[in-house]
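Structure file data32.tsv (TSV, C-alpha atoms) follows.
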chain	number	residue	atom	x	y	z
A	265	MET	CA	146.77	204.65	-146.88
A	266	LEU	CA	149.31	202.14	-145.57
A	267	ALA	CA	148.54	202.85	-141.90
A	268	PRO	CA	145.71	200.26	-141.54
A	269	VAL	CA	147.64	197.49	-143.34
A	270	LEU	CA	149.59	196.15	-140.35
A	271	PRO	CA	146.63	196.06	-137.89
A	272	VAL	CA	144.42	194.33	-140.50
A	273	LEU	CA	147.18	191.84	-141.29
A	274	LEU	CA	147.65	191.02	-137.60
A	275	VAL	CA	143.90	190.47	-137.14
A	276	VAL	CA	143.76	188.16	-140.17
A	277	VAL	CA	146.71	186.11	-138.89
A	278	TRP	CA	145.13	185.99	-135.43
A	279	TYR	CA	141.82	184.81	-136.87
A	280	LEU	CA	143.42	182.11	-139.03
A	281	ALA	CA	145.56	180.88	-136.13
A	282	SER	CA	142.60	180.63	-133.75
A	283	ARG	CA	140.01	179.31	-136.22
A	284	ASP	CA	140.84	175.64	-135.71
A	285	SER	CA	141.92	175.88	-132.06
A	286	THR	CA	139.86	174.68	-129.11
A	287	PRO	CA	137.93	177.60	-127.55
A	288	SER	CA	139.16	178.66	-124.12
A	289	SER	CA	137.57	181.07	-121.66
A	290	ALA	CA	141.00	182.48	-120.80
A	291	TYR	CA	141.91	183.74	-124.28
A	292	PRO	CA	140.12	186.20	-126.56
A	293	TYR	CA	139.10	185.18	-130.09
A	294	PRO	CA	138.37	187.56	-132.99
A	295	ALA	CA	134.83	186.26	-133.61
A	296	ALA	CA	133.97	186.42	-129.90
A	297	ILE	CA	135.43	189.93	-129.67
A	298	VAL	CA	133.22	191.08	-132.54
A	299	ARG	CA	130.14	189.58	-130.86
A	300	SER	CA	131.03	191.25	-127.55
A	301	GLY	CA	131.64	194.56	-129.30
A	302	LEU	CA	128.28	194.48	-131.06
A	303	ARG	CA	126.52	193.65	-127.80
A	304	LEU	CA	128.24	196.46	-125.91
A	305	LEU	CA	127.48	198.94	-128.68
A	306	THR	CA	123.86	197.83	-128.97
A	307	ASP	CA	123.04	198.19	-125.29
A	308	GLY	CA	124.96	201.48	-125.07
A	309	GLU	CA	127.15	200.31	-122.21
A	310	LEU	CA	130.43	200.91	-124.03
A	311	LEU	CA	129.57	204.37	-125.35
A	312	GLN	CA	128.30	205.52	-121.95
A	313	ALA	CA	131.49	204.32	-120.26
A	314	LEU	CA	133.66	206.04	-122.87
A	315	ALA	CA	131.71	209.28	-122.45
A	316	THR	CA	132.18	209.15	-118.67
A	317	SER	CA	135.92	208.54	-119.02
A	318	LEU	CA	136.26	211.28	-121.64
A	319	ILE	CA	134.60	213.82	-119.33
A	320	ARG	CA	137.01	212.87	-116.53
A	321	VAL	CA	139.98	213.21	-118.87
A	322	LEU	CA	138.85	216.62	-120.12
A	323	LEU	CA	138.38	217.85	-116.55
A	324	GLY	CA	141.79	216.57	-115.48
A	325	PHE	CA	143.44	217.95	-118.61
A	326	GLY	CA	141.82	221.35	-118.07
A	327	ILE	CA	143.16	221.51	-114.52
A	328	ALA	CA	146.63	220.43	-115.66
A	329	LEU	CA	146.64	222.96	-118.51
A	330	GLY	CA	145.62	225.86	-116.27
A	331	LEU	CA	148.10	225.07	-113.50
A	332	GLY	CA	150.83	224.07	-115.95
A	333	LEU	CA	150.63	227.25	-118.02
A	334	GLY	CA	150.65	229.50	-114.96
A	335	LEU	CA	153.60	227.78	-113.32
A	336	SER	CA	155.51	227.46	-116.61
A	337	LEU	CA	155.32	231.17	-117.36
A	338	LEU	CA	156.62	231.96	-113.88
A	339	MET	CA	159.39	229.35	-114.07
A	340	GLY	CA	160.45	230.50	-117.51
A	341	ARG	CA	160.52	234.19	-116.62
A	342	LEU	CA	161.69	234.15	-112.99
A	343	ARG	CA	164.85	232.30	-112.01
A	344	VAL	CA	163.93	232.15	-108.33
A	345	VAL	CA	160.65	230.38	-109.13
A	346	ARG	CA	162.45	227.96	-111.45
A	347	GLU	CA	165.07	227.10	-108.83
A	348	MET	CA	162.32	226.58	-106.26
A	349	PHE	CA	160.07	224.29	-108.28
A	350	ASP	CA	162.40	222.51	-110.70
A	351	PRO	CA	163.91	220.04	-108.15
A	352	LEU	CA	160.43	219.21	-106.84
A	353	ILE	CA	159.03	218.62	-110.33
A	354	GLU	CA	161.96	216.43	-111.37
A	355	SER	CA	161.63	214.40	-108.15
A	356	VAL	CA	157.89	213.81	-108.44
A	357	ARG	CA	157.68	213.38	-112.23
A	358	PRO	CA	159.02	209.78	-112.34
A	359	ILE	CA	156.26	208.56	-110.00
A	360	ALA	CA	153.69	206.69	-112.11
A	361	PRO	CA	150.06	207.85	-111.84
A	362	ILE	CA	148.91	204.41	-110.67
A	363	ALA	CA	151.15	204.77	-107.60
A	364	LEU	CA	148.94	207.66	-106.47
A	365	VAL	CA	145.77	205.57	-106.36
A	366	PRO	CA	146.03	204.68	-102.62
A	367	LEU	CA	146.73	208.29	-101.63
A	368	ALA	CA	143.94	209.60	-103.85
A	369	ILE	CA	141.49	207.23	-102.17
A	370	LEU	CA	142.67	208.25	-98.69
A	371	TRP	CA	142.55	211.98	-99.39
A	372	LEU	CA	139.64	212.33	-101.82
A	373	GLY	CA	137.63	209.14	-101.36
A	374	THR	CA	136.36	206.75	-103.99
A	375	GLY	CA	134.73	209.22	-106.33
A	376	ASN	CA	135.24	211.33	-109.42
A	377	ALA	CA	137.61	213.71	-107.61
A	378	SER	CA	140.17	210.93	-107.19
A	379	ALA	CA	140.04	209.94	-110.85
A	380	VAL	CA	140.25	213.53	-112.09
A	381	SER	CA	143.18	214.33	-109.79
A	382	ILE	CA	145.21	211.36	-111.05
A	383	ILE	CA	144.53	212.32	-114.67
A	384	ALA	CA	145.54	215.92	-113.93
A	385	TYR	CA	148.75	214.65	-112.34
A	386	ALA	CA	149.61	212.61	-115.44
A	387	ALA	CA	148.90	215.49	-117.84
A	388	PHE	CA	150.62	218.19	-115.78
A	389	PHE	CA	154.30	217.39	-116.28
A	390	PRO	CA	154.62	217.39	-120.09
A	391	ILE	CA	152.79	220.71	-120.16
A	392	VAL	CA	155.09	222.28	-117.57
A	393	LEU	CA	158.30	220.97	-119.11
A	394	ASN	CA	157.48	221.97	-122.70
A	395	VAL	CA	156.07	225.40	-121.93
A	396	THR	CA	158.90	226.25	-119.51
A	397	ALA	CA	161.46	225.31	-122.18
A	398	ALA	CA	159.60	227.42	-124.75
A	399	VAL	CA	159.57	230.46	-122.44
A	400	ARG	CA	163.30	230.11	-121.73
A	401	ASP	CA	164.08	229.72	-125.45
A	402	LEU	CA	162.13	232.86	-126.37
A	403	ASP	CA	164.38	235.46	-128.01
A	404	PRO	CA	165.04	238.03	-125.24
A	405	SER	CA	165.54	240.79	-127.81
A	406	LEU	CA	161.81	240.68	-128.57
A	407	VAL	CA	161.02	241.53	-124.97
A	408	ASP	CA	163.78	244.16	-124.83
A	409	VAL	CA	162.44	245.94	-127.92
A	410	ALA	CA	158.93	245.99	-126.45
A	411	ARG	CA	160.24	247.45	-123.20
A	412	THR	CA	162.20	250.08	-125.13
A	413	PHE	CA	158.91	251.34	-126.55
A	414	GLY	CA	157.41	251.51	-123.06
A	415	VAL	CA	155.09	248.53	-123.43
A	416	SER	CA	153.71	247.29	-120.11
A	417	GLU	CA	154.70	243.89	-118.73
A	418	LEU	CA	151.14	242.62	-119.07
A	419	THR	CA	151.04	243.62	-122.73
A	420	ILE	CA	154.45	242.01	-123.29
A	421	LEU	CA	153.15	238.81	-121.76
A	422	ARG	CA	149.98	238.88	-123.88
A	423	GLN	CA	151.42	240.03	-127.21
A	424	VAL	CA	155.04	238.84	-127.15
A	425	VAL	CA	155.56	235.97	-124.72
A	426	LEU	CA	152.34	234.00	-125.26
A	427	PRO	CA	152.51	234.00	-129.10
A	428	GLY	CA	156.20	233.10	-128.88
A	429	VAL	CA	155.65	230.10	-126.61
A	430	LEU	CA	152.50	228.89	-128.37
A	431	PRO	CA	154.32	226.05	-130.20
A	432	GLY	CA	155.57	224.77	-126.83
A	433	VAL	CA	152.05	224.99	-125.44
A	434	VAL	CA	150.74	222.99	-128.40
A	435	VAL	CA	153.33	220.22	-127.95
A	436	GLY	CA	152.87	220.11	-124.18
A	437	ALA	CA	149.09	220.03	-124.46
A	438	ARG	CA	149.18	217.21	-126.99
A	439	LEU	CA	151.51	215.12	-124.83
A	440	GLY	CA	149.50	215.98	-121.72
A	441	MET	CA	146.24	214.90	-123.33
A	442	GLY	CA	147.84	211.64	-124.44
A	443	LEU	CA	149.19	210.82	-120.99
A	444	GLY	CA	145.94	211.89	-119.36
A	445	TRP	CA	143.96	209.51	-121.55
A	446	ALA	CA	146.54	206.74	-121.04
A	447	SER	CA	146.12	207.07	-117.26
A	448	VAL	CA	142.31	206.98	-117.28
A	449	ILE	CA	142.06	203.26	-116.51
A	450	ALA	CA	144.44	203.56	-113.55
A	451	ALA	CA	142.56	206.66	-112.42
A	452	GLU	CA	139.23	204.86	-112.50
A	453	LEU	CA	140.60	202.13	-110.27
A	454	ALA	CA	140.51	204.83	-107.60
A	455	VAL	CA	136.81	205.30	-108.23
A	456	GLY	CA	136.24	201.56	-107.93
A	457	SER	CA	132.66	200.50	-107.47
A	458	ASP	CA	131.45	203.74	-105.89
A	459	VAL	CA	127.72	203.76	-106.58
A	460	SER	CA	127.66	207.57	-106.59
A	461	ALA	CA	130.02	207.73	-109.57
A	462	SER	CA	129.25	206.94	-113.19
A	463	VAL	CA	130.93	203.88	-114.67
A	464	GLY	CA	133.94	204.69	-116.85
A	465	ILE	CA	135.82	202.42	-119.22
A	466	GLY	CA	138.28	201.35	-116.53
A	467	GLN	CA	135.50	200.35	-114.15
A	468	LEU	CA	133.73	198.52	-116.97
A	469	MET	CA	136.86	196.47	-117.68
A	470	LEU	CA	137.25	195.72	-113.98
A	471	THR	CA	133.64	194.52	-113.85
A	472	PHE	CA	134.18	192.13	-116.75
A	473	TYR	CA	137.25	190.75	-115.00
A	474	GLN	CA	135.72	190.37	-111.54
A	475	TYR	CA	132.25	189.07	-112.38
A	476	ASP	CA	132.39	187.57	-115.87
A	477	ALA	CA	136.03	186.42	-116.20
A	478	ASP	CA	135.53	186.97	-119.93
A	479	PRO	CA	138.52	188.41	-121.82
A	480	ASN	CA	136.57	189.27	-124.98
A	481	PRO	CA	134.68	192.36	-123.71
A	482	ILE	CA	137.90	193.46	-121.97
A	483	VAL	CA	139.67	193.43	-125.33
A	484	VAL	CA	136.75	195.37	-126.83
A	485	CYS	CA	137.27	198.04	-124.16
A	486	MET	CA	141.01	198.11	-124.86
A	487	ILE	CA	140.39	198.60	-128.57
A	488	ALA	CA	137.90	201.38	-127.82
A	489	VAL	CA	140.43	203.11	-125.55
A	490	GLY	CA	143.06	202.92	-128.29
A	491	LEU	CA	140.76	204.24	-131.02
A	492	LEU	CA	139.46	207.14	-128.93
A	493	GLY	CA	143.02	207.95	-127.84
A	494	PHE	CA	144.04	208.07	-131.50
A	495	ALA	CA	141.10	210.36	-132.28
A	496	LEU	CA	142.04	212.69	-129.41
A	497	ASP	CA	145.62	212.86	-130.65
A	498	MET	CA	144.47	213.74	-134.16
A	499	LEU	CA	142.19	216.42	-132.72
A	500	MET	CA	145.08	217.90	-130.73
A	501	ARG	CA	147.27	217.87	-133.86
A	502	GLN	CA	144.65	219.72	-135.90
A	503	THR	CA	144.06	222.20	-133.09
A	504	GLY	CA	147.79	222.84	-132.86
A	505	ARG	CA	148.04	223.46	-136.60
A	506	ALA	CA	145.13	225.89	-136.43
A	507	LEU	CA	146.59	227.81	-133.46
A	508	ALA	CA	150.21	227.79	-134.63
A	509	PRO	CA	150.21	227.24	-138.42
A	510	TRP	CA	153.86	228.31	-138.66
A	511	HIS	CA	154.94	225.42	-136.42
A	512	ARG	CA	155.32	221.92	-137.89
Would you kindly transcribe this structure into C-alpha cells?
Amino acid sequence: MLAPVLPVLLVVVWYLASRDSTPSSAYPYPAAIVRSGLRLLTDGELLQALATSLIRVLLGFGIALGLGLGLSLLMGRLRVVREMFDPLIESVRPIAPIALVPLAILWLGTGNASAVSIIAYAAFFPIVLNVTAAVRDLDPSLVDVARTFGVSELTILRQVVLPGVLPGVVVGARLGMGLGWASVIAAELAVGSDVSASVGIGQLMLTFYQYDADPNPIVVCMIAVGLLGFALDMLMRQTGRALAPWHR
C-alpha cells in the first residue's frame, strides 16, 4: 500500500512548484502532461505505439530465450563448449545495445528486423548467464543416480536437468524481459522513419522531439514505458511463481 506514496508525493510537489511559474516550451508541466496523455489515449496513437513496441519486444525476447536456453544447457554440461563461448560472451556483454544501432542498420536495414535483433541482443545475456550458472550448480548426484538406473541422456535432460535449472531460467527470463523492454527505445531508433514499419513508442517520442519540440507528450511516452515495463515484470514474477512454486 505504501508503494504509490512516493510517486504521488513527487507529482504533488512538482505541481505546486510549477503552478506559479512562467510556462516554458522546454519544460514539462503536470497539467500539460495530463492534457497530452488524454489526447494520445483518445486518438489511440499511444496505445498503438505501445502495442507495436510490445510485439517487437516479445519477438526479440523469444529469440533470446530460445538461443539462450540452448547455449546455456550446452555450456553448463560441456566444458569444451563453455571454454569456447565464455570469453566471447564476457567480451561482448558490456557493449550497450544502443551501440549496435549503426551495425543493425547496415546489416538489416531500417526495419523491424533491426529493432528485434537489438532487443534480442539485450535480453540474451542475462538468460545465458543465469541458466548456465543453474546448470553448473545442479547436484551431479541426481544425474548419476538416473544414469545408474539406465535412464537415457534425453530423459535425464527432460526430467532431471530442466526441472533442476528452472529457477535459473525464471530469473534469467525475468531479467532478459526487463532489459529487452528497456532497450526498445534504442532499438526503434534503428527503425527510424521507415514507412514500411509500424510506429513504436521510441519512434513516437522521436517524432514529438523532431517535429513538435514539445516535452509533454515525450514525458507521457516515458511514463507509459515505465508502467508497461512494471506490468511486464509483475507478469514475469507471477509466471515464475507458477512454474517454480518452490523457488522464492
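Across the structure, atom CA of Val365 of chain A and atom CA of Ser381 of chain A are spaced 9.8 Å apart.
You can rank A:Gln467, A:Ser336, A:Asn394, A:Ser378 by their closest distance to Thr316 of chain A using all atoms listed in the file, and at the top of that list sits A:Gln467.
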Determine, for each residue of segment 414-472 of chain A having at least one atom at most 9 Å from an atom of segment 325-329 of chain A, the closest pair of atoms and their separation in Å to one decimal, counting all atoms listed in the file; order by chain and ascending number, as a tab-separated table.
residue	atom	partner	partner_atom	distance
A:Gly436	CA	A:Leu329	CA	8.9
A:Ala437	CA	A:Leu329	CA	7.1
A:Gly440	CA	A:Phe325	CA	7.1
A:Met441	CA	A:Phe325	CA	6.3
A:Gly444	CA	A:Phe325	CA	6.6
A:Trp445	CA	A:Phe325	CA	9.0
Atomic distance atom CA of Val395 of chain A - atom CA of Ile362 of chain A, expressed in Å with one decimal:
24.9 Å
Measuring between all atoms listed in the file, which one of A:Val321, A:Ile465, A:Leu430, A:Ala386 shows the shortest distance to Pro481 of chain A?
A:Ile465
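The space separating atom CA of Asp403 of chain A from atom CA of Leu507 of chain A comes to 20.1 Å.
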Between A:Thr503, A:Thr374, A:Thr471, A:Asn480, which one has atoms that come closest to Tyr291 of chain A, using only C-alpha atoms?
A:Asn480
